[in-house]
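Structure file my_file.txt with compact mmCIF, N, CA and C atoms:
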# COMPACT_ATOMS: atom_id res chain seq x y z
N MET A 1 10.63 -16.50 -0.75
CA MET A 1 10.28 -17.14 0.51
C MET A 1 9.81 -16.07 1.50
N PRO A 2 8.59 -16.17 2.02
CA PRO A 2 8.08 -15.16 2.93
C PRO A 2 8.83 -15.17 4.25
N PHE A 3 8.91 -14.00 4.85
CA PHE A 3 9.58 -13.83 6.14
C PHE A 3 8.69 -14.37 7.24
N LYS A 4 9.22 -15.25 8.06
CA LYS A 4 8.47 -15.78 9.20
C LYS A 4 8.85 -14.96 10.43
N PRO A 5 7.85 -14.37 11.09
CA PRO A 5 8.17 -13.56 12.27
C PRO A 5 8.83 -14.39 13.36
N LYS A 6 9.79 -13.77 14.03
CA LYS A 6 10.47 -14.41 15.16
C LYS A 6 9.91 -13.79 16.43
N ILE A 7 9.25 -14.60 17.23
CA ILE A 7 8.64 -14.13 18.47
C ILE A 7 9.28 -14.88 19.63
N THR A 8 9.76 -14.12 20.63
CA THR A 8 10.29 -14.76 21.84
C THR A 8 9.52 -14.23 23.04
N ILE A 9 9.28 -15.12 23.98
CA ILE A 9 8.54 -14.77 25.19
C ILE A 9 9.41 -15.11 26.39
N LYS A 10 9.62 -14.12 27.26
CA LYS A 10 10.39 -14.33 28.49
C LYS A 10 9.47 -14.13 29.68
N GLU A 11 9.54 -15.07 30.61
CA GLU A 11 8.79 -14.91 31.86
C GLU A 11 9.65 -14.11 32.83
N LEU A 12 9.06 -13.07 33.38
CA LEU A 12 9.74 -12.18 34.31
C LEU A 12 9.16 -12.36 35.71
N PRO A 13 9.83 -11.82 36.71
CA PRO A 13 9.29 -11.90 38.07
C PRO A 13 7.93 -11.18 38.17
N ASP A 14 7.20 -11.48 39.21
CA ASP A 14 5.91 -10.84 39.51
C ASP A 14 4.86 -11.09 38.42
N SER A 15 4.89 -12.29 37.84
CA SER A 15 3.90 -12.72 36.84
C SER A 15 3.86 -11.83 35.59
N GLU A 16 4.97 -11.20 35.26
CA GLU A 16 5.05 -10.39 34.06
C GLU A 16 5.72 -11.19 32.95
N ILE A 17 5.43 -10.82 31.71
CA ILE A 17 6.11 -11.43 30.58
C ILE A 17 6.62 -10.33 29.65
N GLU A 18 7.64 -10.67 28.91
CA GLU A 18 8.20 -9.76 27.91
C GLU A 18 8.10 -10.47 26.57
N ILE A 19 7.49 -9.81 25.60
CA ILE A 19 7.36 -10.37 24.27
C ILE A 19 8.20 -9.54 23.32
N GLU A 20 9.12 -10.19 22.62
CA GLU A 20 9.94 -9.52 21.62
C GLU A 20 9.64 -10.14 20.27
N GLY A 21 9.64 -9.33 19.25
CA GLY A 21 9.36 -9.87 17.93
C GLY A 21 10.15 -9.17 16.85
N GLU A 22 10.41 -9.90 15.81
CA GLU A 22 11.09 -9.38 14.63
C GLU A 22 10.11 -9.55 13.48
N LEU A 23 9.76 -8.44 12.85
CA LEU A 23 8.73 -8.47 11.81
C LEU A 23 9.30 -8.00 10.47
N ALA A 24 8.67 -8.45 9.41
CA ALA A 24 9.04 -7.99 8.07
C ALA A 24 8.56 -6.55 7.90
N THR A 25 9.32 -5.79 7.15
CA THR A 25 8.97 -4.40 6.88
C THR A 25 7.58 -4.30 6.26
N GLU A 26 7.25 -5.24 5.40
CA GLU A 26 5.96 -5.20 4.72
C GLU A 26 4.79 -5.30 5.71
N SER A 27 4.95 -6.11 6.76
CA SER A 27 3.85 -6.26 7.71
C SER A 27 3.64 -4.97 8.51
N VAL A 28 4.72 -4.24 8.80
CA VAL A 28 4.58 -2.96 9.51
C VAL A 28 3.99 -1.92 8.57
N GLU A 29 4.38 -1.93 7.31
CA GLU A 29 3.82 -0.98 6.34
C GLU A 29 2.32 -1.20 6.17
N THR A 30 1.91 -2.46 6.12
CA THR A 30 0.48 -2.78 6.01
C THR A 30 -0.25 -2.34 7.27
N ALA A 31 0.35 -2.54 8.41
CA ALA A 31 -0.27 -2.17 9.68
C ALA A 31 -0.33 -0.66 9.86
N ARG A 32 0.50 0.09 9.12
CA ARG A 32 0.50 1.55 9.23
C ARG A 32 -0.87 2.12 8.89
N GLU A 33 -1.50 1.59 7.85
CA GLU A 33 -2.83 2.05 7.46
C GLU A 33 -3.83 1.84 8.60
N LYS A 34 -3.75 0.68 9.24
CA LYS A 34 -4.63 0.39 10.37
C LYS A 34 -4.33 1.32 11.54
N ALA A 35 -3.04 1.62 11.74
CA ALA A 35 -2.64 2.51 12.83
C ALA A 35 -3.21 3.90 12.63
N VAL A 36 -3.13 4.40 11.41
CA VAL A 36 -3.68 5.73 11.11
C VAL A 36 -5.18 5.73 11.37
N LYS A 37 -5.87 4.68 10.96
CA LYS A 37 -7.33 4.59 11.19
C LYS A 37 -7.63 4.53 12.69
N ASN A 38 -6.87 3.71 13.43
CA ASN A 38 -7.08 3.61 14.89
C ASN A 38 -6.88 4.97 15.56
N LEU A 39 -5.81 5.65 15.19
CA LEU A 39 -5.54 6.97 15.77
C LEU A 39 -6.63 7.96 15.36
N ASN A 40 -7.07 7.88 14.12
CA ASN A 40 -8.12 8.76 13.62
C ASN A 40 -9.40 8.58 14.44
N ASP A 41 -9.70 7.35 14.81
CA ASP A 41 -10.91 7.08 15.58
C ASP A 41 -10.78 7.49 17.05
N ARG A 42 -9.54 7.58 17.57
CA ARG A 42 -9.32 7.88 18.98
C ARG A 42 -8.99 9.35 19.27
N LEU A 43 -8.33 10.00 18.34
CA LEU A 43 -7.86 11.36 18.60
C LEU A 43 -9.01 12.37 18.65
N GLU A 44 -8.86 13.33 19.50
CA GLU A 44 -9.79 14.45 19.56
C GLU A 44 -9.00 15.71 19.23
N ILE A 45 -9.25 16.25 18.05
CA ILE A 45 -8.55 17.45 17.61
C ILE A 45 -9.61 18.50 17.29
N PRO A 46 -9.51 19.67 17.92
CA PRO A 46 -10.50 20.72 17.68
C PRO A 46 -10.63 21.02 16.17
N GLY A 47 -11.88 21.13 15.73
CA GLY A 47 -12.16 21.44 14.33
C GLY A 47 -12.37 20.21 13.47
N PHE A 48 -12.16 19.02 14.04
CA PHE A 48 -12.34 17.77 13.28
C PHE A 48 -13.20 16.80 14.08
N ARG A 49 -14.03 16.06 13.36
CA ARG A 49 -14.78 14.98 13.99
C ARG A 49 -13.91 13.74 14.04
N LYS A 50 -14.11 12.90 15.06
CA LYS A 50 -13.37 11.64 15.14
C LYS A 50 -13.63 10.84 13.87
N GLY A 51 -12.56 10.26 13.34
CA GLY A 51 -12.69 9.45 12.14
C GLY A 51 -12.62 10.25 10.85
N HIS A 52 -12.55 11.57 10.95
CA HIS A 52 -12.52 12.42 9.75
C HIS A 52 -11.34 13.39 9.77
N ILE A 53 -10.26 12.96 10.38
CA ILE A 53 -9.07 13.81 10.49
C ILE A 53 -8.12 13.45 9.34
N PRO A 54 -7.68 14.43 8.57
CA PRO A 54 -6.72 14.13 7.49
C PRO A 54 -5.42 13.54 8.05
N GLU A 55 -4.82 12.65 7.29
CA GLU A 55 -3.62 11.96 7.75
C GLU A 55 -2.50 12.93 8.10
N HIS A 56 -2.33 13.99 7.31
CA HIS A 56 -1.22 14.93 7.60
C HIS A 56 -1.42 15.64 8.95
N ILE A 57 -2.67 15.80 9.37
CA ILE A 57 -2.94 16.40 10.68
C ILE A 57 -2.57 15.41 11.79
N ILE A 58 -2.89 14.13 11.57
CA ILE A 58 -2.53 13.09 12.55
C ILE A 58 -1.02 13.00 12.69
N VAL A 59 -0.32 13.03 11.55
CA VAL A 59 1.15 12.97 11.58
C VAL A 59 1.69 14.18 12.34
N GLY A 60 1.11 15.34 12.12
CA GLY A 60 1.54 16.55 12.83
C GLY A 60 1.29 16.47 14.32
N LYS A 61 0.21 15.78 14.71
CA LYS A 61 -0.15 15.69 16.12
C LYS A 61 0.68 14.64 16.87
N VAL A 62 0.80 13.42 16.31
CA VAL A 62 1.49 12.34 17.02
C VAL A 62 2.88 12.05 16.47
N GLY A 63 3.19 12.57 15.29
CA GLY A 63 4.49 12.33 14.67
C GLY A 63 4.52 10.99 13.95
N GLU A 64 5.42 10.88 13.00
CA GLU A 64 5.55 9.64 12.24
C GLU A 64 5.98 8.49 13.14
N MET A 65 6.82 8.78 14.14
CA MET A 65 7.26 7.73 15.06
C MET A 65 6.09 7.20 15.88
N GLY A 66 5.17 8.06 16.28
CA GLY A 66 3.98 7.61 17.00
C GLY A 66 3.13 6.68 16.16
N ILE A 67 3.00 7.00 14.87
CA ILE A 67 2.24 6.14 13.97
C ILE A 67 2.96 4.81 13.79
N LEU A 68 4.28 4.84 13.63
CA LEU A 68 5.03 3.60 13.46
C LEU A 68 4.99 2.72 14.72
N GLU A 69 5.00 3.33 15.88
CA GLU A 69 4.88 2.57 17.12
C GLU A 69 3.54 1.85 17.18
N GLU A 70 2.47 2.57 16.82
CA GLU A 70 1.14 1.97 16.78
C GLU A 70 1.09 0.84 15.74
N ALA A 71 1.70 1.08 14.58
CA ALA A 71 1.74 0.06 13.52
C ALA A 71 2.51 -1.17 13.98
N ALA A 72 3.61 -0.98 14.68
CA ALA A 72 4.40 -2.11 15.18
C ALA A 72 3.60 -2.93 16.18
N LYS A 73 2.84 -2.27 17.06
CA LYS A 73 1.99 -2.98 18.01
C LYS A 73 0.94 -3.83 17.29
N ILE A 74 0.34 -3.26 16.26
CA ILE A 74 -0.67 -3.98 15.49
C ILE A 74 -0.05 -5.17 14.78
N ALA A 75 1.09 -4.94 14.12
CA ALA A 75 1.75 -6.02 13.37
C ALA A 75 2.22 -7.13 14.30
N LEU A 76 2.74 -6.77 15.47
CA LEU A 76 3.19 -7.77 16.44
C LEU A 76 2.00 -8.57 16.96
N ALA A 77 0.90 -7.89 17.24
CA ALA A 77 -0.30 -8.59 17.73
C ALA A 77 -0.82 -9.57 16.68
N GLU A 78 -0.79 -9.18 15.42
CA GLU A 78 -1.24 -10.08 14.36
C GLU A 78 -0.30 -11.27 14.19
N ALA A 79 1.00 -11.04 14.36
CA ALA A 79 1.98 -12.12 14.21
C ALA A 79 1.93 -13.06 15.41
N TYR A 80 1.64 -12.52 16.57
CA TYR A 80 1.64 -13.31 17.80
C TYR A 80 0.38 -14.14 17.87
Go ahead and express the file in the form of structure tokens.
Amino acid sequence: MPFKPKITIKELPDSEIEIEGELATESVETAREKAVKNLNDRLEIPGFRKGHIPEHIIVGKVGEMGILEEAAKIALAEAY
């Protein structure tokens, strides 16, 4: 049985909202590839052209947690 994402939306003061979500590990793992590509297209690292940065260099620059944060944003956006 596939995991159904749990998304909750809270309305906050000053016209703000808070979106919380619970995602399956697989959806974040799939989004990781997209996150690396997005970061590759945005990062400017001396000696590399945008879009042609090796993954290990991206991990060294933003860290694995930075990639996972980007992947979580992508996965949450797709689920929402």
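Straight-line separation from atom C of Arg32 in chain A to atom C of Ala75 in chain A: 11.2 Å.
Of the residues listed (A:Pro13, A:Pro5, A:Gly21, A:Pro54), A:Pro54 shows the shortest atom-to-atom separation from Lys37 in chain A; distances use only C-alpha atoms.
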### Message
So the first atom is atom C of Glu16 in chain A and the second is atom C of Tyr80 in chain A; what is the distance between them in Å, to one decimal place?
### Response
16.3 Å
### Every residue of chain A that DSSP places in alpha helix (DSSP H), as a PyMOL selection string
chain A and resi 25-42+55-79
### Task
Compile the contact shell of Gly51 in chain A as an MDAnalysis selection string: residues with an atom at most 9 Å away, counting only C-alpha atoms, same-chain residues fewer than 3 positions apart removed.
chainID A and resid 37:43 48 54
### Task
Please indicate the distance in Å from CA of Gly60 in chain A to CA of Glu33 in chain A, rounded to one decimal place.
16.1 Å
### Residue set, chain A restricted to strand (DSSP E or B), as a list of chain:residue names
A:Lys6, A:Ile7, A:Thr8, A:Ile9, A:Lys10, A:Glu11, A:Leu12, A:Glu16, A:Ile17, A:Glu18, A:Ile19, A:Glu20, A:Gly21, A:Glu22
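Of the residues under consideration (A:Leu12, A:Ala79, A:Ile19, A:Ile58), A:Ile58 shows the shortest atom-to-atom contact distance to Ala35 in chain A when counting only C-alpha atoms.
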For range 20-31 of chain A, write all heavy atoms out as a tab-separated table (two decimals), in the first residue's frame.
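Final output, saved to selection38.tsv:
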chain	number	residue	atom	x	y	z
A	20	GLU	N	2.77	22.01	6.80
A	20	GLU	CA	3.58	20.91	7.33
A	20	GLU	C	3.23	19.67	6.54
A	20	GLU	O	2.07	19.47	6.16
A	20	GLU	CB	3.28	20.66	8.80
A	20	GLU	CG	3.82	21.72	9.72
A	20	GLU	CD	3.61	21.36	11.19
A	20	GLU	OE1	3.27	20.21	11.49
A	20	GLU	OE2	3.77	22.25	12.02
A	21	GLY	N	4.22	18.84	6.30
A	21	GLY	CA	3.95	17.63	5.55
A	21	GLY	C	4.80	16.47	6.03
A	21	GLY	O	5.89	16.65	6.56
A	22	GLU	N	4.25	15.30	5.86
A	22	GLU	CA	4.95	14.06	6.17
A	22	GLU	C	5.05	13.29	4.86
A	22	GLU	O	4.04	13.00	4.22
A	22	GLU	CB	4.13	13.29	7.20
A	22	GLU	CG	4.90	12.22	7.91
A	22	GLU	CD	4.06	11.62	9.02
A	22	GLU	OE1	3.60	12.37	9.90
A	22	GLU	OE2	3.87	10.40	8.98
A	23	LEU	N	6.27	13.00	4.45
A	23	LEU	CA	6.49	12.38	3.15
A	23	LEU	C	7.17	11.02	3.30
A	23	LEU	O	7.89	10.78	4.27
A	23	LEU	CB	7.39	13.28	2.29
A	23	LEU	CG	6.91	14.70	2.06
A	23	LEU	CD1	8.02	15.54	1.48
A	23	LEU	CD2	5.70	14.70	1.17
A	24	ALA	N	6.96	10.18	2.31
A	24	ALA	CA	7.64	8.88	2.28
A	24	ALA	C	9.11	9.11	1.94
A	24	ALA	O	9.46	10.02	1.19
A	24	ALA	CB	7.00	7.98	1.24
A	25	THR	N	9.95	8.28	2.49
A	25	THR	CA	11.39	8.37	2.23
A	25	THR	C	11.67	8.28	0.74
A	25	THR	O	12.53	9.00	0.22
A	25	THR	CB	12.12	7.23	2.97
A	25	THR	OG1	11.81	7.31	4.35
A	25	THR	CG2	13.61	7.33	2.80
A	26	GLU	N	10.93	7.44	0.04
A	26	GLU	CA	11.16	7.25	-1.39
A	26	GLU	C	10.94	8.54	-2.17
A	26	GLU	O	11.66	8.82	-3.13
A	26	GLU	CB	10.24	6.16	-1.94
A	26	GLU	CG	10.51	4.78	-1.39
A	26	GLU	CD	9.85	4.53	-0.03
A	26	GLU	OE1	8.85	5.21	0.30
A	26	GLU	OE2	10.35	3.67	0.70
A	27	SER	N	9.94	9.34	-1.78
A	27	SER	CA	9.68	10.57	-2.51
A	27	SER	C	10.81	11.58	-2.32
A	27	SER	O	11.15	12.32	-3.24
A	27	SER	CB	8.33	11.17	-2.13
A	27	SER	OG	8.30	11.54	-0.78
A	28	VAL	N	11.41	11.60	-1.13
A	28	VAL	CA	12.54	12.51	-0.89
A	28	VAL	C	13.77	12.01	-1.63
A	28	VAL	O	14.52	12.80	-2.20
A	28	VAL	CB	12.82	12.67	0.62
A	28	VAL	CG1	14.04	13.55	0.85
A	28	VAL	CG2	11.61	13.25	1.33
A	29	GLU	N	13.97	10.70	-1.67
A	29	GLU	CA	15.11	10.14	-2.40
A	29	GLU	C	15.00	10.45	-3.89
A	29	GLU	O	15.99	10.78	-4.54
A	29	GLU	CB	15.20	8.64	-2.17
A	29	GLU	CG	15.65	8.27	-0.78
A	29	GLU	CD	15.56	6.79	-0.48
A	29	GLU	OE1	15.04	6.02	-1.32
A	29	GLU	OE2	16.01	6.39	0.61
A	30	THR	N	13.79	10.35	-4.43
A	30	THR	CA	13.57	10.67	-5.85
A	30	THR	C	13.82	12.16	-6.09
A	30	THR	O	14.42	12.54	-7.09
A	30	THR	CB	12.14	10.30	-6.27
A	30	THR	OG1	11.93	8.92	-6.01
A	30	THR	CG2	11.89	10.59	-7.72
A	31	ALA	N	13.37	12.98	-5.17
A	31	ALA	CA	13.53	14.43	-5.31
A	31	ALA	C	14.99	14.85	-5.13
A	31	ALA	O	15.37	15.93	-5.58
A	31	ALA	CB	12.65	15.15	-4.30
